[in-house]
>>> print(open('my_file.txt').read())   # compact mmCIF, C-alpha atoms and all ligand atoms
# COMPACT_ATOMS: atom_id res chain seq x y z
CA MET A 288 177.71 232.60 99.90
CA ARG A 289 174.71 233.18 97.61
CA LYS A 290 175.37 236.21 95.48
CA TYR A 291 171.93 236.74 94.06
CA ASP A 292 168.70 234.84 94.22
CA LEU A 293 167.56 233.14 91.05
CA GLN A 294 164.18 232.46 92.65
CA ILE A 295 163.10 236.07 93.13
CA SER A 296 160.63 237.16 90.48
CA PRO A 297 161.70 239.97 88.13
CA SER A 298 158.90 242.17 89.45
CA TYR A 299 160.31 242.06 92.97
CA LYS A 300 161.78 245.47 93.68
CA GLY A 301 162.72 244.99 97.32
CA GLU A 302 166.01 245.85 98.94
CA VAL A 303 167.85 242.77 97.65
CA LYS A 304 170.98 244.11 95.98
CA ARG A 305 171.10 242.95 92.40
CA SER A 306 174.39 241.70 91.07
CA LEU A 307 175.87 243.02 87.87
CA LEU A 308 176.98 240.64 85.15
CA SER A 309 179.40 241.93 82.51
CA ILE A 310 179.42 240.19 79.16
CA VAL A 311 182.69 240.71 77.32
CA THR A 312 182.81 240.00 73.59
CA PRO A 313 185.84 240.32 71.32
CA ALA A 314 184.70 241.09 67.81
CA TYR A 315 186.56 241.02 64.52
CA ASN A 316 184.43 241.58 61.41
CA GLU A 317 181.20 240.67 63.19
CA ALA A 318 178.87 243.47 62.03
CA GLU A 319 176.15 241.02 61.03
CA ASN A 320 176.36 238.89 64.16
CA LEU A 321 176.35 241.59 66.85
CA PRO A 322 172.69 242.73 66.44
CA LEU A 323 171.58 239.08 66.53
CA LEU A 324 173.64 238.38 69.63
CA TYR A 325 172.23 241.51 71.28
CA GLU A 326 168.67 240.31 70.74
CA ARG A 327 169.47 236.89 72.17
CA LEU A 328 171.22 238.45 75.18
CA VAL A 329 168.25 240.69 75.93
CA GLU A 330 165.89 237.75 75.67
CA VAL A 331 167.91 235.58 78.06
CA LEU A 332 169.20 238.14 80.54
CA ASP A 333 166.15 240.34 80.98
CA SER A 334 164.26 237.39 82.40
CA LEU A 335 166.87 236.96 85.16
CA THR A 336 167.04 238.89 88.39
CA ILE A 337 170.43 240.28 87.61
CA ASP A 338 171.61 243.52 86.02
CA TRP A 339 173.93 243.27 83.09
CA GLU A 340 176.19 245.23 80.78
CA TRP A 341 177.68 244.22 77.46
CA ILE A 342 181.16 245.31 76.46
CA VAL A 343 182.16 244.66 72.88
CA VAL A 344 185.78 245.16 71.94
CA ASP A 345 186.18 245.72 68.21
CA ASP A 346 189.60 244.31 67.32
CA HIS A 347 190.03 246.85 64.49
CA SER A 348 187.58 245.17 62.14
CA ALA A 349 187.58 246.00 58.46
CA ASP A 350 183.78 245.95 58.26
CA LYS A 351 181.11 248.00 60.07
CA THR A 352 181.46 246.22 63.42
CA PHE A 353 182.01 249.42 65.41
CA ALA A 354 179.09 251.20 63.72
CA ALA A 355 176.88 248.20 64.55
CA ILE A 356 177.78 248.30 68.21
CA ALA A 357 177.57 252.10 68.38
CA ASN A 358 174.08 251.80 66.98
CA ILE A 359 173.00 249.42 69.72
CA ALA A 360 174.78 251.45 72.39
CA LYS A 361 172.80 254.54 71.35
CA ARG A 362 169.54 252.75 72.19
CA ASP A 363 170.73 250.78 75.22
CA SER A 364 173.01 252.38 77.79
CA ARG A 365 174.01 248.94 79.12
CA VAL A 366 175.96 248.39 75.91
CA ARG A 367 179.39 249.81 75.27
CA GLY A 368 181.77 249.48 72.33
CA ILE A 369 185.53 249.93 72.40
CA ARG A 370 187.57 249.97 69.20
CA PHE A 371 191.27 249.06 69.01
CA SER A 372 193.62 251.12 66.88
CA ARG A 373 194.82 247.95 65.15
CA ASN A 374 194.26 244.20 65.32
CA PHE A 375 195.65 242.94 68.63
CA GLY A 376 194.05 239.48 68.72
CA SER A 377 191.04 238.21 70.60
CA HIS A 378 192.83 237.44 73.88
CA THR A 379 193.99 241.05 74.14
CA ALA A 380 190.47 242.20 73.25
CA MET A 381 189.09 240.07 76.11
CA THR A 382 191.68 241.51 78.50
CA CYS A 383 190.65 245.04 77.50
CA GLY A 384 186.96 244.18 77.93
CA LEU A 385 187.64 242.85 81.41
CA HIS A 386 189.48 246.04 82.26
CA TYR A 387 186.36 248.07 81.48
CA ALA A 388 183.93 245.56 83.03
CA GLN A 389 182.30 246.69 86.25
CA GLY A 390 180.36 243.55 87.03
CA ASP A 391 180.47 241.31 90.08
CA CYS A 392 181.32 238.65 87.54
CA ALA A 393 182.09 238.63 83.83
CA ALA A 394 181.30 236.16 81.08
CA ILE A 395 183.47 236.00 77.99
CA MET A 396 181.68 234.97 74.84
CA ALA A 397 182.40 235.12 71.11
CA ALA A 398 180.41 237.39 68.81
CA ASP A 399 179.53 234.76 66.22
CA LEU A 400 176.76 233.04 68.25
CA GLN A 401 178.79 229.86 68.48
CA ASP A 402 178.52 230.18 72.23
CA PRO A 403 174.77 230.30 72.95
CA PRO A 404 173.66 233.04 75.41
CA GLU A 405 171.10 230.52 76.71
CA THR A 406 174.03 228.86 78.56
CA LEU A 407 174.59 231.99 80.68
CA PRO A 408 172.03 231.12 83.41
CA GLU A 409 173.85 227.81 83.95
CA LEU A 410 177.19 229.59 84.29
CA LEU A 411 175.59 232.05 86.70
CA ALA A 412 174.09 229.25 88.76
CA GLU A 413 177.56 227.75 89.34
CA TRP A 414 178.93 231.16 90.24
CA ASN A 415 176.02 231.63 92.59
CA GLU A 416 177.00 228.41 94.32
CA GLY A 417 180.45 229.83 94.99
CA ALA A 418 182.59 228.94 91.96
CA GLN A 419 184.98 231.71 90.94
CA VAL A 420 185.86 230.39 87.49
CA VAL A 421 183.18 228.54 85.51
CA TRP A 422 184.21 226.97 82.21
CA ALA A 423 181.64 226.12 79.56
CA VAL A 424 183.12 223.01 78.02
CA ARG A 425 182.05 222.26 74.47
CA LYS A 426 180.56 218.84 73.88
CA ARG A 427 180.00 219.09 70.15
CA ARG A 428 181.37 221.40 67.48
CA PRO A 429 179.14 220.99 64.44
CA GLY A 430 180.19 222.44 61.11
CA GLU A 431 183.90 222.62 61.99
CA LYS A 432 186.56 221.05 59.78
CA ALA A 433 188.28 217.95 61.15
CA SER A 434 191.65 219.71 60.80
CA LYS A 435 190.46 222.56 63.02
CA ILE A 436 189.16 220.23 65.71
CA GLY A 437 192.40 218.20 65.46
CA PHE A 438 194.49 221.34 65.94
CA ALA A 439 192.43 222.36 68.97
CA ARG A 440 192.74 218.87 70.46
CA LEU A 441 196.53 218.95 69.98
CA TYR A 442 196.74 222.38 71.61
CA TYR A 443 194.77 221.34 74.67
CA PHE A 444 196.72 218.07 74.87
CA LEU A 445 199.98 220.05 74.97
CA MET A 446 198.56 222.40 77.59
CA ARG A 447 197.37 219.59 79.82
CA GLN A 448 200.15 217.03 79.41
CA VAL A 449 203.27 219.04 78.54
CA VAL A 450 202.63 222.28 80.40
CA GLY A 451 200.79 220.43 83.16
CA MET A 452 197.56 222.45 83.26
CA LYS A 453 195.28 219.55 84.06
CA GLN A 454 192.38 221.88 84.82
CA MET A 455 192.11 222.98 81.20
CA PRO A 456 189.18 221.14 79.61
CA ALA A 457 190.45 218.55 77.10
CA THR A 458 188.03 219.68 74.42
CA GLY A 459 188.91 223.31 74.98
CA ALA A 460 187.16 226.29 76.48
CA ASP A 461 186.61 229.71 75.02
CA PHE A 462 183.40 230.50 76.86
CA PHE A 463 183.63 231.09 80.61
CA LEU A 464 182.59 233.20 83.56
CA ILE A 465 184.91 234.67 86.19
CA ASP A 466 184.31 236.34 89.53
CA ARG A 467 185.29 239.94 90.35
CA ARG A 468 188.20 238.63 92.46
CA VAL A 469 189.64 236.89 89.42
CA ILE A 470 189.16 239.99 87.26
CA GLU A 471 190.94 242.14 89.82
CA ASN A 472 193.84 239.73 90.09
CA LEU A 473 194.09 239.53 86.31
CA SER A 474 194.67 243.26 86.16
CA ASN A 475 197.93 242.70 88.07
CA PHE A 476 199.32 240.74 85.16
CA ASN A 477 201.04 242.77 82.51
CA GLU A 478 202.00 240.06 80.09
CA SER A 479 201.25 240.64 76.45
CA ASN A 480 202.13 237.34 74.78
CA VAL A 481 199.93 235.02 76.72
CA SER A 482 196.78 232.98 76.41
CA LEU A 483 194.13 234.47 78.69
CA MET A 484 192.54 231.10 79.34
CA ALA A 485 195.89 229.56 80.29
CA LEU A 486 196.53 232.47 82.65
CA ILE A 487 193.15 232.01 84.34
CA THR A 488 193.75 228.27 84.72
CA TRP A 489 197.19 228.97 86.18
CA MET A 490 195.70 231.40 88.74
CA GLY A 491 193.71 228.63 90.40
CA PHE A 492 190.62 229.70 92.42
CA ARG A 493 187.48 227.59 92.80
CA GLN A 494 186.85 226.23 89.32
CA ALA A 495 183.69 224.57 88.01
CA TYR A 496 182.56 223.17 84.67
CA ILE A 497 179.34 222.95 82.73
CA THR A 498 178.93 221.49 79.25
CA TYR A 499 177.26 222.93 76.16
CA ASP A 500 176.99 222.31 72.44
CA LYS A 501 178.93 224.78 70.37
CA HIS A 502 176.82 226.12 67.53
CA VAL A 503 177.69 226.78 63.92
CA ARG A 504 179.04 230.29 63.22
CA SER A 505 176.12 232.56 62.35
CA HIS A 506 177.69 234.87 59.71
CA GLY A 507 181.15 235.54 58.31
CA ARG A 508 184.38 233.61 58.59
CA SER A 509 186.60 232.64 61.51
CA GLY A 510 189.22 235.30 62.23
CA TRP A 511 191.68 232.76 63.60
CA SER A 512 194.27 232.32 60.88
CA LEU A 513 196.85 229.51 61.06
CA GLU A 514 199.47 232.13 61.90
CA LYS A 515 197.47 233.36 64.92
CA LYS A 516 196.92 229.79 66.11
CA LEU A 517 200.61 228.93 65.88
CA LYS A 518 201.49 232.05 67.84
CA LEU A 519 199.02 231.03 70.54
CA VAL A 520 200.63 227.58 70.82
CA VAL A 521 204.14 229.01 71.16
CA ASP A 522 202.94 231.75 73.54
CA SER A 523 201.16 229.24 75.74
CA LEU A 524 204.13 226.88 75.87
CA THR A 525 206.76 229.53 76.52
CA SER A 526 204.62 231.42 79.06
CA PHE A 527 204.06 228.49 81.33
CA SER A 528 206.77 225.94 80.64
CA TYR A 529 210.55 225.80 80.70
CA LEU A 530 210.38 222.31 79.25
CA PRO A 531 211.51 223.34 75.73
CA ILE A 532 214.62 225.03 77.14
CA ARG A 533 215.32 222.10 79.41
CA LEU A 534 214.86 219.64 76.54
CA MET A 535 217.34 221.68 74.53
CA SER A 536 219.98 221.18 77.21
CA TYR A 537 219.24 217.45 77.54
CA ILE A 538 219.23 216.78 73.80
CA GLY A 539 222.33 218.92 73.37
CA PHE A 540 224.12 216.95 76.09
CA ILE A 541 223.15 213.55 74.66
CA VAL A 542 224.01 214.49 71.06
CA ALA A 543 227.37 215.95 72.15
CA LEU A 544 228.15 212.81 74.18
CA LEU A 545 227.36 210.56 71.21
CA GLY A 546 229.54 212.82 69.06
CA PHE A 547 232.50 212.37 71.44
CA ILE A 548 232.05 208.58 71.55
CA PHE A 549 231.89 208.50 67.76
CA ALA A 550 235.00 210.71 67.54
CA GLY A 551 236.76 208.24 69.86
CA PHE A 552 235.89 205.41 67.47
CA VAL A 553 237.18 207.34 64.46
CA VAL A 554 240.48 208.14 66.19
CA PHE A 555 240.81 204.59 67.49
CA ASN A 556 240.19 203.12 64.00
CA ALA A 557 242.61 205.57 62.37
CA ILE A 558 245.41 204.66 64.83
CA PHE A 559 244.89 200.94 64.44
CA GLY A 560 244.76 201.03 60.65
CA HIS A 561 241.03 200.83 59.82
CA PRO A 562 240.08 204.46 59.01
CA THR A 563 236.27 204.94 58.83
CA PRO A 564 235.54 205.15 55.08
CA GLY A 565 233.36 207.60 53.19
CA TRP A 566 232.11 211.13 53.64
CA SER A 567 228.45 210.17 53.94
CA SER A 568 228.63 209.42 57.63
CA LEU A 569 230.27 212.81 58.08
CA MET A 570 227.45 214.51 56.21
CA VAL A 571 224.92 212.75 58.39
CA VAL A 572 226.61 213.98 61.52
CA VAL A 573 226.92 217.54 60.19
CA LEU A 574 223.28 217.65 59.18
CA VAL A 575 221.95 216.10 62.35
CA LEU A 576 224.02 218.36 64.57
CA GLY A 577 223.38 221.43 62.45
CA GLY A 578 219.66 220.78 62.47
CA THR A 579 219.46 220.17 66.19
CA GLN A 580 221.46 223.29 66.89
CA MET A 581 219.24 225.46 64.74
CA LEU A 582 216.16 224.02 66.39
CA MET A 583 217.54 224.77 69.82
CA MET A 584 218.62 228.27 68.90
CA GLY A 585 215.11 228.85 67.59
CA GLY A 586 213.66 227.63 70.88
CA LEU A 587 215.94 229.93 72.84
CA GLY A 588 215.04 232.76 70.51
CA GLU A 589 211.35 232.31 71.35
CA TYR A 590 212.03 232.95 75.01
CA ILE A 591 214.45 235.81 74.37
CA TRP A 592 212.08 237.50 71.96
CA ARG A 593 209.29 237.32 74.53
CA SER A 594 211.54 238.66 77.26
CA LEU A 595 212.46 241.59 75.01
CA ASP A 596 208.84 242.19 74.14
CA GLU A 597 207.76 242.28 77.80
CA SER A 598 210.71 244.45 78.82
CA ARG A 599 209.71 247.11 76.30
CA ARG A 600 206.57 247.61 78.40
CA ARG A 601 204.54 248.73 75.45
CA PRO A 602 200.84 249.09 76.18
CA ARG A 603 199.06 245.83 75.56
CA TYR A 604 196.46 247.54 73.44
CA ILE A 605 195.61 250.99 72.13
CA VAL A 606 192.03 252.22 72.14
CA GLU A 607 190.94 254.28 69.15
CA GLU A 608 187.34 255.01 70.11
CA ILE A 609 184.73 254.30 72.81
CA THR A 610 181.02 254.59 72.14
CA ASP A 611 180.00 256.65 75.18
CA ARG A 612 183.15 258.64 75.70
CA ASN A 613 185.37 261.07 73.81
CA ILE A 614 188.93 259.94 74.21
N1 LIG B 701 188.35 237.67 67.17
C1 LIG B 701 189.03 238.86 67.52
N2 LIG B 701 190.22 239.14 66.91
C2 LIG B 701 190.79 238.32 65.97
C3 LIG B 701 190.12 237.11 65.65
C4 LIG B 701 188.91 236.81 66.28
O1 LIG B 701 188.55 239.63 68.34
O2 LIG B 701 191.86 238.66 65.47
C5 LIG B 701 187.07 237.36 67.82
C6 LIG B 701 185.94 236.95 66.89
O3 LIG B 701 185.24 238.07 66.38
C7 LIG B 701 185.07 236.08 67.76
C8 LIG B 701 186.07 235.44 68.72
O4 LIG B 701 187.25 236.25 68.68
O5 LIG B 701 184.13 236.84 68.51
C9 LIG B 701 186.38 234.01 68.32
O6 LIG B 701 186.93 234.04 67.03
P1 LIG B 701 186.48 233.07 65.83
O7 LIG B 701 185.01 232.83 65.87
O8 LIG B 701 187.04 233.69 64.61
O9 LIG B 701 187.28 231.78 66.25
P2 LIG B 701 186.83 230.26 66.14
O10 LIG B 701 185.42 230.15 66.66
O11 LIG B 701 186.94 229.94 64.72
O12 LIG B 701 187.81 229.55 67.02
MG MG B 702 183.86 231.28 66.30
>>> encode(input="my_file.txt", output="structure tokens")
Amino acid sequence: MRKYDLQISPSYKGEVKRSLLSIVTPAYNEAENLPLLYERLVEVLDSLTIDWEWIVVDDHSADKTFAAIANIAKRDSRVRGIRFSRNFGSHTAMTCGLHYAQGDCAAIMAADLQDPPETLPELLAEWNEGAQVVWAVRKRRPGEKASKIGFARLYYFLMRQVVGMKQMPATGADFFLIDRRVIENLSNFNESNVSLMALITWMGFRQAYITYDKHVRSHGRSGWSLEKKLKLVVDSLTSFSYLPIRLMSYIGFIVALLGFIFAGFVVFNAIFGHPTPGWSSLMVVVLVLGGTQMLMMGGLGEYIWRSLDESRRRPRYIVEEITDRNI
């Protein structure tokens, strides 16, 4: 089961086949962070008995992110940069990175040094013991606003309790390692509007967890706008749960039933000489029903829109440039 031996000294050049680890990093406006991350990766990984490659997917940054990675790639052939033709979001960037990854396993980590490379040996040790998905669960998130942590908590609560993905860590996971088998199976999925982490959790496999302290962002600002976060929530819910649609039917049924009972009362009172007075109750009913209907139509629309988007079969991403290749 052992995939590589952590005990062998780096100078040992025997016939033991060395495994290849791919590090996949989505990057959006991270020009200042990438050289720092590179140095840390070299420091940590070169002391291990494992080969590695680093794939950075530039999610169409507005700064010099691609130049920064091209610069490193020129000096180190283990490093490769891929630039998207427009901003596709970090989950799509990770998917693209995994497509190009050749490793026996791949670790996904952010470019902003919030996920410390020093955690990689721990992730590798779990993989070495046979785990196929290893989540690095964050213990602490220093320097983050309470609103941000609250939003993340709510998201992972919905994913665990509403969607039913109990294996998702409650405090969230955006740093993880997956085995080649998982990478290969992921390539069979062609969904565009989906959370990569939710998809990996849904796939199953032997999952393991380690914990780490998330660090403060090294340079720049978070690229996750409120709009992107909301889209992730709706994507995650609609990709893995029919509950919203089912709730629509249930609520619709109950509201309609109450409406009929109320109508019965109105008719009954009118016939027996006590007509229900006032227009305010009518307004209430109109507003409540109107509101519920719009909400439900919106919910349905979410599913229909996604179905339309998937049926168009547009490419999930478009590559503009690759550091070591003319495309
Ligand atoms: N990212 C990306 N595309 C985006 C937004 C973010 O590729 O549209 C990258 C970003 O460069 C970073 C990772 O995704 O490497 C995590 O993003 P960020 O640090 O902004 O998120 P946060 O840590 O605030 O959740
Ligand atoms: Mg970050």
>>> residues_around(input="my_file.txt", residues="Ile342 in chain A", least_positions_apart="4", cutoff="9 Å", atoms="all atoms listed in the file", output="number ranges by chain")
A: 309-313, 365-369, 384-385, 387-388
>>> residues_near_ligand(input="my_file.txt", ligand="ligand MG 702 (chain B)", cutoff="6 Å", atoms="all atoms listed in the file", output="tab-separated table (two decimals) with C-alpha atoms, keeping the file's coordinate frame")
chain	number	residue	atom	x	y	z
A	399	ASP	CA	179.53	234.76	66.22
A	401	GLN	CA	178.79	229.86	68.48
A	504	ARG	CA	179.04	230.29	63.22
A	509	SER	CA	186.60	232.64	61.51
>>> residues_around(input="my_file.txt", residues="range 587-593 of chain A", least_positions_apart="5", cutoff="8 Å", atoms="only C-alpha atoms", output="list in words")
Asn480, Val521, Thr525 and Ile532 of chain A
>>> residues_near_ligand(input="my_file.txt", ligand="ligand LIG 701 (chain B)", cutoff="6 Å", atoms="all atoms listed in the file", output="VMD selection string")
chain A and resid 313 to 315 317 346 376 to 377 380 397 to 399 509 to 511
>>> closest_residue(input="my_file.txt", among="A:Arg425, A:Lys518, A:Lys351, A:Arg601", to="Thr406 in chain A", atoms="all atoms listed in the file")
A:Arg425
>>> atom_distance(input="my_file.txt", atom1="CA of Trp422 in chain A", atom2="CA of Ala495 in chain A")
6.3 Å
>>> residues_around(input="my_file.txt", residues="range 606-609 of chain A", least_positions_apart="6", cutoff="10 Å", atoms="all atoms listed in the file", output="list of chain:residue names")
A:Val343, A:Val344, A:Asp345, A:Asp346, A:His347, A:Phe353, A:Ala357, A:Arg367, A:Gly368, A:Ile369, A:Arg370, A:Phe371, A:Ser372, A:Arg373, A:Cys383
>>> atom_distance(input="my_file.txt", atom1="CA of Val520 in chain A", atom2="CA of Glu597 in chain A")
17.8 Å
>>> atom_distance(input="my_file.txt", atom1="CA of Glu330 in chain A", atom2="CA of Arg468 in chain A")
27.9 Å
>>> residues_around(input="my_file.txt", residues="Gly551 in chain A", least_positions_apart="6", cutoff="12 Å", atoms="all atoms listed in the file", output="list in words")
Leu544, Leu545, Ala557, Ile558, Pro562 and Thr563 of chain A
>>> closest_residue(input="my_file.txt", among="A:Ser505, A:Ile470, A:Gly437, A:Glu409", to="Pro322 in chain A", atoms="all atoms listed in the file")
A:Ser505
>>> residues_near_point(input="my_file.txt", point="(197.1, 226.5, 66.6)", cutoff="7 Å", atoms="all atoms listed in the file", output="list in words")
Phe438, Ala439, Tyr442, Leu513, Lys516, Leu517, Leu519 and Val520 of chain A
>>> closest_residue(input="my_file.txt", among="A:Ile538, A:Val449, A:Leu407, A:Leu530", to="Tyr499 in chain A", atoms="only C-alpha atoms")
A:Leu407
>>> closest_residue(input="my_file.txt", among="A:Ala418, A:Ser474, A:Asn374, A:Leu307", to="Asp391 in chain A", atoms="only C-alpha atoms")
A:Leu307
>>> closest_residue(input="my_file.txt", among="A:Ser306, A:Asn358, A:Asn475, A:Thr488", to="Tyr325 in chain A", atoms="all atoms listed in the file")
A:Asn358
>>> residues_around(input="my_file.txt", residues="Leu576 in chain A", least_positions_apart="3", cutoff="10 Å", atoms="all atoms listed in the file", output="JSON, numbers by chain")
{"A": [539, 542, 543, 546, 570, 571, 572, 573, 579, 580, 581, 582]}
>>> closest_residue(input="my_file.txt", among="A:Asp402, A:Leu323, A:Lys501, A:Thr352", to="Glu431 in chain A", atoms="all atoms listed in the file")
A:Lys501
